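J.: Mind having a look at this structure? Questions to follow.
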Amino acid sequence: MSVFSQAEVDYLASQRLARIATAGPNGQPHVVPVSFRYNPDTDTIDVGGHGFAQRKKYRDVQSNPRVGIVIDDLASIDPWRPRMIEVRGVAEVLPTGGETIGRGFDPPMFRIHPKRIIS
């Protein structure tokens, strides 16, 4: 059984861009947009990109795997109807798999195992 509701799974499957928050070794927060995909086989959020292993977010996760990620959009502006899911969890660094997230993405990636979901 998924940690996500069916409505959350459907929403995650329809989105490709999120914002991830990591913390550097000194505790300084770092928030950036990322490409992701919901992985139904592992019930996780997989994050990757071009030059991924050289990015600060990747280095941050290697030293502190606790992350937050927000997936959101505006379903309508009139009436105002934002949609969002916030996931707090632990990121697992993986040497391969990133190429499944997007065309031309590098193999390194991380997999976010949800610990708390807010929607």
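Residue numbering restarts at 1 for every chain of the structure tokens, chains are lettered A, B, ... in their displayed order, and ligands are numbered from 1 as they appear.
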List every residue of stretch 60-94 of chain A that DSSP, applied to the backbone of this structure, places in strand (DSSP E or B), and write the result as a PyMOL selection string.
T.: chain A and resi 66-77+80-94
J.: Dump N, CA and C atoms for the selected residues as a PDB file, in the first residue's frame?
T.:
```
ATOM      1  N   ARG A  66      18.485  14.365   4.876  1.00  0.00           N
ATOM      2  CA  ARG A  66      17.134  14.876   5.154  1.00  0.00           C
ATOM      3  C   ARG A  66      16.794  15.994   4.170  1.00  0.00           C
ATOM      4  N   VAL A  67      15.649  15.852   3.497  1.00  0.00           N
ATOM      5  CA  VAL A  67      15.239  16.811   2.472  1.00  0.00           C
ATOM      6  C   VAL A  67      13.753  17.125   2.604  1.00  0.00           C
ATOM      7  N   GLY A  68      13.363  18.198   1.951  1.00  0.00           N
ATOM      8  CA  GLY A  68      11.962  18.529   1.749  1.00  0.00           C
ATOM      9  C   GLY A  68      11.776  18.829   0.276  1.00  0.00           C
ATOM     10  N   ILE A  69      10.638  18.434  -0.268  1.00  0.00           N
ATOM     11  CA  ILE A  69      10.354  18.714  -1.673  1.00  0.00           C
ATOM     12  C   ILE A  69       8.897  19.137  -1.784  1.00  0.00           C
ATOM     13  N   VAL A  70       8.658  20.169  -2.596  1.00  0.00           N
ATOM     14  CA  VAL A  70       7.308  20.672  -2.822  1.00  0.00           C
ATOM     15  C   VAL A  70       7.003  20.577  -4.307  1.00  0.00           C
ATOM     16  N   ILE A  71       5.879  19.956  -4.608  1.00  0.00           N
ATOM     17  CA  ILE A  71       5.357  19.892  -5.967  1.00  0.00           C
ATOM     18  C   ILE A  71       4.078  20.708  -5.935  1.00  0.00           C
ATOM     19  N   ASP A  72       3.982  21.735  -6.794  1.00  0.00           N
ATOM     20  CA  ASP A  72       2.794  22.576  -6.762  1.00  0.00           C
ATOM     21  C   ASP A  72       2.499  23.162  -8.126  1.00  0.00           C
ATOM     22  N   ASP A  73       1.278  23.628  -8.276  1.00  0.00           N
ATOM     23  CA  ASP A  73       0.870  24.346  -9.473  1.00  0.00           C
ATOM     24  C   ASP A  73      -0.413  25.105  -9.164  1.00  0.00           C
ATOM     25  N   LEU A  74      -0.878  25.857 -10.140  1.00  0.00           N
ATOM     26  CA  LEU A  74      -2.156  26.559 -10.011  1.00  0.00           C
ATOM     27  C   LEU A  74      -3.153  25.887 -10.943  1.00  0.00           C
ATOM     28  N   ALA A  75      -4.154  25.251 -10.376  1.00  0.00           N
ATOM     29  CA  ALA A  75      -5.198  24.631 -11.190  1.00  0.00           C
ATOM     30  C   ALA A  75      -6.059  25.710 -11.841  1.00  0.00           C
ATOM     31  N   SER A  76      -6.192  26.848 -11.154  1.00  0.00           N
ATOM     32  CA  SER A  76      -6.995  27.956 -11.664  1.00  0.00           C
ATOM     33  C   SER A  76      -6.566  29.238 -10.950  1.00  0.00           C
ATOM     34  N   ILE A  77      -6.643  30.360 -11.672  1.00  0.00           N
ATOM     35  CA  ILE A  77      -6.397  31.635 -10.998  1.00  0.00           C
ATOM     36  C   ILE A  77      -7.703  32.377 -10.724  1.00  0.00           C
ATOM     37  N   TRP A  80      -9.089  31.320  -7.463  1.00  0.00           N
ATOM     38  CA  TRP A  80      -7.742  30.927  -7.036  1.00  0.00           C
ATOM     39  C   TRP A  80      -7.789  29.516  -6.471  1.00  0.00           C
ATOM     40  N   ARG A  81      -7.028  28.603  -7.108  1.00  0.00           N
ATOM     41  CA  ARG A  81      -7.052  27.212  -6.654  1.00  0.00           C
ATOM     42  C   ARG A  81      -5.659  26.590  -6.800  1.00  0.00           C
ATOM     43  N   PRO A  82      -4.776  26.839  -5.831  1.00  0.00           N
ATOM     44  CA  PRO A  82      -3.462  26.197  -5.870  1.00  0.00           C
ATOM     45  C   PRO A  82      -3.567  24.734  -5.436  1.00  0.00           C
ATOM     46  N   ARG A  83      -2.649  23.922  -5.955  1.00  0.00           N
ATOM     47  CA  ARG A  83      -2.546  22.517  -5.540  1.00  0.00           C
ATOM     48  C   ARG A  83      -1.103  22.287  -5.121  1.00  0.00           C
ATOM     49  N   MET A  84      -0.896  21.412  -4.133  1.00  0.00           N
ATOM     50  CA  MET A  84       0.476  21.147  -3.703  1.00  0.00           C
ATOM     51  C   MET A  84       0.570  19.892  -2.866  1.00  0.00           C
ATOM     52  N   ILE A  85       1.763  19.334  -2.892  1.00  0.00           N
ATOM     53  CA  ILE A  85       2.149  18.254  -1.993  1.00  0.00           C
ATOM     54  C   ILE A  85       3.533  18.608  -1.465  1.00  0.00           C
ATOM     55  N   GLU A  86       3.684  18.581  -0.164  1.00  0.00           N
ATOM     56  CA  GLU A  86       5.004  18.734   0.461  1.00  0.00           C
ATOM     57  C   GLU A  86       5.381  17.372   1.023  1.00  0.00           C
ATOM     58  N   VAL A  87       6.589  16.944   0.693  1.00  0.00           N
ATOM     59  CA  VAL A  87       7.094  15.662   1.193  1.00  0.00           C
ATOM     60  C   VAL A  87       8.382  15.938   1.952  1.00  0.00           C
ATOM     61  N   ARG A  88       8.437  15.464   3.171  1.00  0.00           N
ATOM     62  CA  ARG A  88       9.671  15.514   3.957  1.00  0.00           C
ATOM     63  C   ARG A  88      10.150  14.082   4.089  1.00  0.00           C
ATOM     64  N   GLY A  89      11.439  13.890   3.872  1.00  0.00           N
ATOM     65  CA  GLY A  89      11.925  12.521   3.925  1.00  0.00           C
ATOM     66  C   GLY A  89      13.428  12.422   3.916  1.00  0.00           C
ATOM     67  N   VAL A  90      13.880  11.227   3.589  1.00  0.00           N
ATOM     68  CA  VAL A  90      15.301  10.905   3.555  1.00  0.00           C
ATOM     69  C   VAL A  90      15.664  10.529   2.126  1.00  0.00           C
ATOM     70  N   ALA A  91      16.717  11.165   1.603  1.00  0.00           N
ATOM     71  CA  ALA A  91      17.164  10.911   0.237  1.00  0.00           C
ATOM     72  C   ALA A  91      18.269   9.864   0.228  1.00  0.00           C
ATOM     73  N   GLU A  92      18.104   8.898  -0.634  1.00  0.00           N
ATOM     74  CA  GLU A  92      19.091   7.838  -0.845  1.00  0.00           C
ATOM     75  C   GLU A  92      19.838   8.155  -2.142  1.00  0.00           C
ATOM     76  N   VAL A  93      21.152   8.327  -2.073  1.00  0.00           N
ATOM     77  CA  VAL A  93      21.962   8.617  -3.252  1.00  0.00           C
ATOM     78  C   VAL A  93      22.188   7.320  -4.023  1.00  0.00           C
ATOM     79  N   LEU A  94      21.899   7.359  -5.324  1.00  0.00           N
ATOM     80  CA  LEU A  94      22.068   6.180  -6.176  1.00  0.00           C
ATOM     81  C   LEU A  94      22.956   6.527  -7.368  1.00  0.00           C
TER      82      LEU A  94
END
```
J.: Of the candidates A:Val31, A:Ala21, A:Phe36, A:Ile117, which one gets nearest to A:Gly48 if we count only C-alpha atoms?
T.: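 Ranking A:Val31, A:Ala21, A:Phe36, A:Ile117 by distance to A:Gly48, first place goes to A:Phe36.
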J.: Using only C-alpha atoms, determine which residues lie at most 6 Å from stretch 39-46 of chain A, disregarding the query and same-chain residues fewer than 5 positions distant; provide the list as a list in words.
T.: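 Neighbouring residues, sequence-local ones excluded: Phe110, Arg111, Ile112 and His113 of chain A.
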J.: Next, dump the selected residues to file, keeping only N, CA and C atoms, as a PDB file, in the first residue's frame.
T.:
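Saved to selection-v7.pdb:
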```pdb
ATOM      1  N   PHE A 110      18.940  10.824  -6.761  1.00  0.00           N
ATOM      2  CA  PHE A 110      18.575  10.385  -5.431  1.00  0.00           C
ATOM      3  C   PHE A 110      17.093  10.085  -5.364  1.00  0.00           C
ATOM      4  N   ARG A 111      16.797   9.193  -4.443  1.00  0.00           N
ATOM      5  CA  ARG A 111      15.444   8.662  -4.241  1.00  0.00           C
ATOM      6  C   ARG A 111      14.973   9.129  -2.872  1.00  0.00           C
ATOM      7  N   ILE A 112      13.867   9.854  -2.854  1.00  0.00           N
ATOM      8  CA  ILE A 112      13.338  10.380  -1.597  1.00  0.00           C
ATOM      9  C   ILE A 112      12.316   9.402  -1.026  1.00  0.00           C
ATOM     10  N   HIS A 113      12.626   8.917   0.171  1.00  0.00           N
ATOM     11  CA  HIS A 113      11.726   8.029   0.910  1.00  0.00           C
ATOM     12  C   HIS A 113      10.893   8.906   1.846  1.00  0.00           C
TER      13      HIS A 113
END
```
J.: Using only C-alpha atoms, which residues sit within 9 Å of A:Met109 once same-chain residues fewer than 3 positions away are excluded, as an MDAnalysis selection string?
T.: chainID A and resid 46:49 52:53 58 92:99 101 106
J.: Which is closer to A:Ser35 than all the others in A:Ile118, A:Ala23, A:Leu12, A:Met1, using only C-alpha atoms?
T.: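 Using only C-alpha atoms, A:Ser35 sits closest to A:Leu12.
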J.: Skipping near chain neighbours, those fewer than 5 positions away, what residues fall within 12 Å of A:Lys56 using only C-alpha atoms, listed as number ranges by chain?
T.: A: 20-25, 28-32, 51, 61-64
J.: Hey, can you check how far atom CA of A:Arg116 sits from atom CA of A:Ser14?
T.: 20.6 Å
J.: Could you state the separation of atom CA of A:Pro107 and atom CA of A:Gln54 in Å, given to one decimal place?
T.: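 Separating atom CA of A:Pro107 from atom CA of A:Gln54 is a distance of 12.1 Å.
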J.: Could you check how far atom CA of A:Arg55 sits from atom CA of A:Ser119, in Å to one decimal?
T.: 28.2 Å
J.: When DSSP works through the backbone of this structure, what residues of chain A end up as helix (DSSP H, G or I), shown as number ranges by chain?
T.: A: 6-14, 52-54, 56-63, 98-100
J.: Limited to C-alpha atoms, could you put the picked residues into a file as a tab-separated table (two decimals), in the first residue's frame?
T.:
```tsv
chain	number	residue	atom	x	y	z
A	6	GLN	CA	-4.62	7.87	-4.91
A	7	ALA	CA	-5.31	11.57	-5.51
A	8	GLU	CA	-1.70	12.39	-4.50
A	9	VAL	CA	-0.32	9.64	-6.77
A	10	ASP	CA	-2.38	10.97	-9.69
A	11	TYR	CA	-1.15	14.51	-9.05
A	12	LEU	CA	2.51	13.45	-8.71
A	13	ALA	CA	2.26	11.48	-11.96
A	14	SER	CA	0.98	14.59	-13.76
A	52	PHE	CA	23.47	16.09	-11.38
A	53	ALA	CA	26.47	14.75	-9.43
A	54	GLN	CA	28.20	18.15	-9.73
A	56	LYS	CA	25.19	21.48	-4.69
A	57	LYS	CA	21.95	19.64	-3.89
A	58	TYR	CA	23.65	16.33	-4.68
A	59	ARG	CA	26.63	17.16	-2.46
A	60	ASP	CA	24.30	18.34	0.31
A	61	VAL	CA	22.36	15.07	0.29
A	62	GLN	CA	25.59	13.08	0.54
A	63	SER	CA	26.36	14.78	3.86
A	98	GLY	CA	18.65	9.22	-13.27
A	99	GLU	CA	18.34	8.54	-16.98
A	100	THR	CA	14.81	7.19	-16.32
```
